[in-house]
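One structure is given here, and the rest of the page talks about it.
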Amino acid sequence: MTTIKAKRTGRLTASILMLLAAAAPAATPALAQTLDLQSAAMAEGAGDDDVQPTDAVVQPAFSNDAPQQQGDDFYCGQRKLGQWFYCERPKAKPSAPQASAQPQQSSTAQLKAITKQLDELKARAILEPTEANVIAYVRYQREQLDRASTFSDTWQRALWQNPDIDYTLQRPVSTVGKRAWTDNRSATRDQVLSRLGQRYGMFYFFAQSCAACEVFSPILRSVADSHRITVMAVSTDGGPSRQFPNYVVDSGQRQRMGVPLATPALVLFDTVTRKTVPVGFGVMSADEVMERIFMLTNSKVGSDF
């Protein structure tokens, strides 16, 4: 019995020594080697046949206040177990410096920069007309011409596919379309002017000494007769008119209407609103007179353009 107890005590002591050796990272290599040799000798003396289990478990005591060590020279220096045994901490990769985000340049600034660069290359080619400078200017200019051509082509395609932004549908520019638009506009205008005399009359201010009045009077006479518009001719100097023999002398009509002192002068008078609408001054063609009257009486401002 004494032998069995001695063997159990020897095994327990060996186990405690082995645990202390494993849990002592700061031990010197000589001390660690001595503990291993003592443990091996006691294990051999105890024998393998009489090994008995024991309930005593010895836990190594760790202090929360004690700093953790990196490892000792025996395990980390001689055996070189590496970072997997907490001998070497993995080095963190240096973080790449983040490039500061630069604000994006506006389109207006980019266009100004292109114009500035083009002017600079042109000036350099003129002041220093070397082959390299001229080629650099011509190539850069060609790039901008290609960019402008692309813009023009995209513009045209967008107009073809989006009729709401195509102004040529309102005012055609082609020969066929323009002729059709003009004919339709003339028919509408003549229809409106044929009923104009039912509401409007015209005041015609002229002077016997006015050479332009001699030219404009027969034109106005033809327009008034063709559309049955009543014309009241007013002589500003008291002289007669061959085209309008039933004239009257100005006795303040011009001033009351606010008509400037210019002859010839043509003014519409609305019998419904009792307001005057100046048509124009100076010599005008018959088509121009009819177009102005049509726009002033049947078109809102900005609707015909």
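By convention here, the chains of the structure tokens are called A, B, ... in the order presented, each chain's residues are numbered starting at 1, and ligands are numbered starting at 1 in the order presented.
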
Exercise. Could you name the residues that touch Gln198 in chain A at 12 Å or less, counting only C-alpha atoms, but leaving out those on the same chain fewer than 4 positions away, as JSON, numbers by chain?
Worked result: {"A": [192, 193, 194, 202, 227, 228, 229, 230, 269, 270, 271, 272]}

Exercise. Just asking: which residues within range 87-232 of chain A are alpha helix (DSSP H) according to DSSP, as a PyMOL selection string?
Worked result: chain A and resi 107-127+131-161+175-194+211-227

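You can rank A:Ala265, A:Tyr140, A:Pro260, A:Glu291 by their closest distance to Met232 in chain A using only C-alpha atoms, and at the top of that list sits A:Ala265.
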
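What separates CA of Gln170 in chain A from CA of Asn298 in chain A is a distance of 17.1 Å.
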
Apply DSSP to the backbone of this structure and, from range 116-270 of chain A, keep only the residues in strand (DSSP E); write these as a PDB file with N, CA and C atoms, in the first residue's frame.
```pdb
ATOM      1  N   TYR A 200     -63.651  97.008 -87.568  1.00  0.00           N
ATOM      2  CA  TYR A 200     -62.555  97.961 -87.565  1.00  0.00           C
ATOM      3  C   TYR A 200     -62.679  98.954 -88.726  1.00  0.00           C
ATOM      4  N   GLY A 201     -62.140 100.133 -88.491  1.00  0.00           N
ATOM      5  CA  GLY A 201     -61.940 101.134 -89.524  1.00  0.00           C
ATOM      6  C   GLY A 201     -60.502 101.609 -89.448  1.00  0.00           C
ATOM      7  N   MET A 202     -60.048 102.421 -90.439  1.00  0.00           N
ATOM      8  CA  MET A 202     -58.664 102.874 -90.461  1.00  0.00           C
ATOM      9  C   MET A 202     -58.601 104.390 -90.596  1.00  0.00           C
ATOM     10  N   PHE A 203     -57.688 104.963 -89.859  1.00  0.00           N
ATOM     11  CA  PHE A 203     -57.354 106.376 -89.996  1.00  0.00           C
ATOM     12  C   PHE A 203     -56.017 106.464 -90.730  1.00  0.00           C
ATOM     13  N   TYR A 204     -56.033 107.295 -91.797  1.00  0.00           N
ATOM     14  CA  TYR A 204     -54.817 107.451 -92.601  1.00  0.00           C
ATOM     15  C   TYR A 204     -54.387 108.907 -92.522  1.00  0.00           C
ATOM     16  N   PHE A 205     -53.253 109.145 -91.861  1.00  0.00           N
ATOM     17  CA  PHE A 205     -52.716 110.495 -91.715  1.00  0.00           C
ATOM     18  C   PHE A 205     -51.670 110.714 -92.805  1.00  0.00           C
ATOM     19  N   PHE A 206     -51.916 111.764 -93.626  1.00  0.00           N
ATOM     20  CA  PHE A 206     -51.014 112.065 -94.736  1.00  0.00           C
ATOM     21  C   PHE A 206     -50.786 113.570 -94.784  1.00  0.00           C
ATOM     22  N   VAL A 231     -61.780 103.754 -94.794  1.00  0.00           N
ATOM     23  CA  VAL A 231     -60.586 104.526 -94.485  1.00  0.00           C
ATOM     24  C   VAL A 231     -60.986 105.987 -94.316  1.00  0.00           C
ATOM     25  N   MET A 232     -60.592 106.561 -93.206  1.00  0.00           N
ATOM     26  CA  MET A 232     -60.786 107.983 -92.964  1.00  0.00           C
ATOM     27  C   MET A 232     -59.436 108.669 -93.130  1.00  0.00           C
ATOM     28  N   ALA A 233     -59.293 109.423 -94.237  1.00  0.00           N
ATOM     29  CA  ALA A 233     -58.045 110.119 -94.524  1.00  0.00           C
ATOM     30  C   ALA A 233     -58.039 111.458 -93.808  1.00  0.00           C
ATOM     31  N   VAL A 234     -56.925 111.777 -93.141  1.00  0.00           N
ATOM     32  CA  VAL A 234     -56.767 113.016 -92.372  1.00  0.00           C
ATOM     33  C   VAL A 234     -55.526 113.732 -92.887  1.00  0.00           C
ATOM     34  N   SER A 235     -55.706 114.935 -93.377  1.00  0.00           N
ATOM     35  CA  SER A 235     -54.589 115.730 -93.885  1.00  0.00           C
ATOM     36  C   SER A 235     -53.986 116.525 -92.745  1.00  0.00           C
ATOM     37  N   VAL A 248     -60.336 114.777 -94.471  1.00  0.00           N
ATOM     38  CA  VAL A 248     -60.644 115.826 -93.501  1.00  0.00           C
ATOM     39  C   VAL A 248     -59.334 116.410 -93.020  1.00  0.00           C
ATOM     40  N   VAL A 249     -59.370 117.645 -92.566  1.00  0.00           N
ATOM     41  CA  VAL A 249     -58.169 118.297 -92.047  1.00  0.00           C
ATOM     42  C   VAL A 249     -58.032 117.960 -90.567  1.00  0.00           C
ATOM     43  N   ALA A 265     -49.036 107.688 -91.831  1.00  0.00           N
ATOM     44  CA  ALA A 265     -49.294 106.911 -90.617  1.00  0.00           C
ATOM     45  C   ALA A 265     -50.637 106.225 -90.758  1.00  0.00           C
ATOM     46  N   LEU A 266     -50.683 104.926 -90.401  1.00  0.00           N
ATOM     47  CA  LEU A 266     -51.894 104.124 -90.528  1.00  0.00           C
ATOM     48  C   LEU A 266     -52.291 103.607 -89.157  1.00  0.00           C
ATOM     49  N   VAL A 267     -53.544 103.848 -88.754  1.00  0.00           N
ATOM     50  CA  VAL A 267     -54.023 103.486 -87.414  1.00  0.00           C
ATOM     51  C   VAL A 267     -55.362 102.789 -87.552  1.00  0.00           C
ATOM     52  N   LEU A 268     -55.493 101.612 -86.863  1.00  0.00           N
ATOM     53  CA  LEU A 268     -56.763 100.899 -86.807  1.00  0.00           C
ATOM     54  C   LEU A 268     -57.605 101.452 -85.655  1.00  0.00           C
ATOM     55  N   PHE A 269     -58.916 101.449 -85.869  1.00  0.00           N
ATOM     56  CA  PHE A 269     -59.824 101.899 -84.810  1.00  0.00           C
ATOM     57  C   PHE A 269     -60.857 100.809 -84.575  1.00  0.00           C
ATOM     58  N   ASP A 270     -60.889 100.303 -83.307  1.00  0.00           N
ATOM     59  CA  ASP A 270     -61.824  99.250 -82.926  1.00  0.00           C
ATOM     60  C   ASP A 270     -63.123  99.897 -82.473  1.00  0.00           C
TER      61      ASP A 270
END
```

For this session: Would you kindly return, as a ChimeraX atom specification, each protein, DNA or RNA residue with an atom no farther than 12 Å from any atom of Met284 in chain A, considering only C-alpha atoms and excluding same-chain residues fewer than 6 positions away?
Result: /A:212-213,215-220,223,263-266,290-292

Output for the residues just chosen: C-alpha atoms as a short mmCIF file (atom, residue, chain, number, x, y, z; two decimals), in the first residue's frame:
```cif
data_model
loop_
_atom_site.label_atom_id
_atom_site.label_comp_id
_atom_site.auth_asym_id
_atom_site.auth_seq_id
_atom_site.Cartn_x
_atom_site.Cartn_y
_atom_site.Cartn_z
CA ALA A 212 -43.85 108.99 -99.35
CA CYS A 213 -47.58 109.59 -99.01
CA VAL A 215 -46.37 106.35 -103.05
CA PHE A 216 -48.31 104.77 -100.20
CA SER A 217 -51.75 106.23 -100.89
CA PRO A 218 -52.57 104.06 -103.95
CA ILE A 219 -51.32 100.93 -102.10
CA LEU A 220 -53.63 101.62 -99.18
CA VAL A 223 -56.07 97.13 -99.78
CA THR A 263 -46.42 110.63 -92.28
CA PRO A 264 -47.76 108.50 -93.71
CA ALA A 265 -49.29 106.91 -90.62
CA LEU A 266 -51.89 104.12 -90.53
CA MET A 290 -52.44 92.99 -94.53
CA GLU A 291 -49.96 90.90 -92.53
CA ARG A 292 -49.65 93.55 -89.84
#
```

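Every protein, DNA or RNA residue with an atom at most 12 Å from range 155-169 of chain A, where only C-alpha atoms count and chain neighbours fewer than 3 positions away do not, is listed here: Ala148, Ser149, Thr150, Phe151, Ser152, Pro172, Val173, Ser174, Thr175, Gly177, Lys178, Ala180, Trp181, Asp304 and Phe305 of chain A.
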
Selection above as a file: N, CA, C and O atoms, as a short mmCIF file (atom, residue, chain, number, x, y, z; two decimals), in the first residue's frame:
```cif
data_model
loop_
_atom_site.label_atom_id
_atom_site.label_comp_id
_atom_site.auth_asym_id
_atom_site.auth_seq_id
_atom_site.Cartn_x
_atom_site.Cartn_y
_atom_site.Cartn_z
N ALA A 148 -18.15 69.09 -82.46
CA ALA A 148 -19.25 69.94 -82.91
C ALA A 148 -20.11 69.23 -83.95
O ALA A 148 -21.35 69.36 -83.95
N SER A 149 -19.48 68.46 -84.83
CA SER A 149 -20.25 67.71 -85.83
C SER A 149 -21.12 66.64 -85.18
O SER A 149 -22.27 66.43 -85.59
N THR A 150 -20.58 65.99 -84.15
CA THR A 150 -21.37 64.99 -83.42
C THR A 150 -22.57 65.64 -82.74
O THR A 150 -23.69 65.09 -82.75
N PHE A 151 -22.36 66.79 -82.15
CA PHE A 151 -23.46 67.52 -81.52
C PHE A 151 -24.52 67.90 -82.54
O PHE A 151 -25.73 67.75 -82.30
N SER A 152 -24.10 68.39 -83.70
CA SER A 152 -25.05 68.80 -84.74
C SER A 152 -25.86 67.61 -85.26
O SER A 152 -27.07 67.70 -85.47
N PRO A 172 -42.03 75.99 -91.63
CA PRO A 172 -41.18 75.16 -92.49
C PRO A 172 -40.08 75.98 -93.14
O PRO A 172 -40.25 77.17 -93.45
N VAL A 173 -38.94 75.32 -93.39
CA VAL A 173 -37.82 75.97 -94.06
C VAL A 173 -37.54 75.36 -95.43
O VAL A 173 -36.83 75.96 -96.23
N SER A 174 -38.11 74.20 -95.69
CA SER A 174 -37.93 73.60 -97.01
C SER A 174 -38.78 74.33 -98.04
O SER A 174 -39.75 75.02 -97.70
N THR A 175 -38.42 74.17 -99.30
CA THR A 175 -39.12 74.90 -100.36
C THR A 175 -40.59 74.48 -100.45
O THR A 175 -41.50 75.32 -100.50
N GLY A 177 -42.45 72.80 -98.15
CA GLY A 177 -43.16 73.09 -96.91
C GLY A 177 -43.42 74.58 -96.73
O GLY A 177 -44.50 74.98 -96.28
N LYS A 178 -42.46 75.40 -97.11
CA LYS A 178 -42.64 76.84 -96.96
C LYS A 178 -43.72 77.37 -97.90
O LYS A 178 -44.51 78.24 -97.52
N ALA A 180 -46.31 75.67 -99.03
CA ALA A 180 -47.61 75.24 -98.51
C ALA A 180 -48.02 76.08 -97.30
O ALA A 180 -49.20 76.45 -97.16
N TRP A 181 -47.06 76.38 -96.42
CA TRP A 181 -47.38 77.19 -95.24
C TRP A 181 -47.80 78.59 -95.64
O TRP A 181 -48.74 79.16 -95.08
N ASP A 304 -47.15 83.48 -82.63
CA ASP A 304 -46.91 83.31 -84.06
C ASP A 304 -45.43 83.10 -84.36
O ASP A 304 -45.02 83.19 -85.50
N PHE A 305 -44.63 82.79 -83.35
CA PHE A 305 -43.21 82.61 -83.57
C PHE A 305 -42.72 81.36 -82.89
O PHE A 305 -43.41 80.81 -82.04
#
```

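Rounded to one decimal, CA of Asp119 in chain A and CA of Gln105 in chain A lie 20.2 Å from each other.
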
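Between CA of Gly238 in chain A and CA of Cys210 in chain A lies a distance of 12.0 Å.
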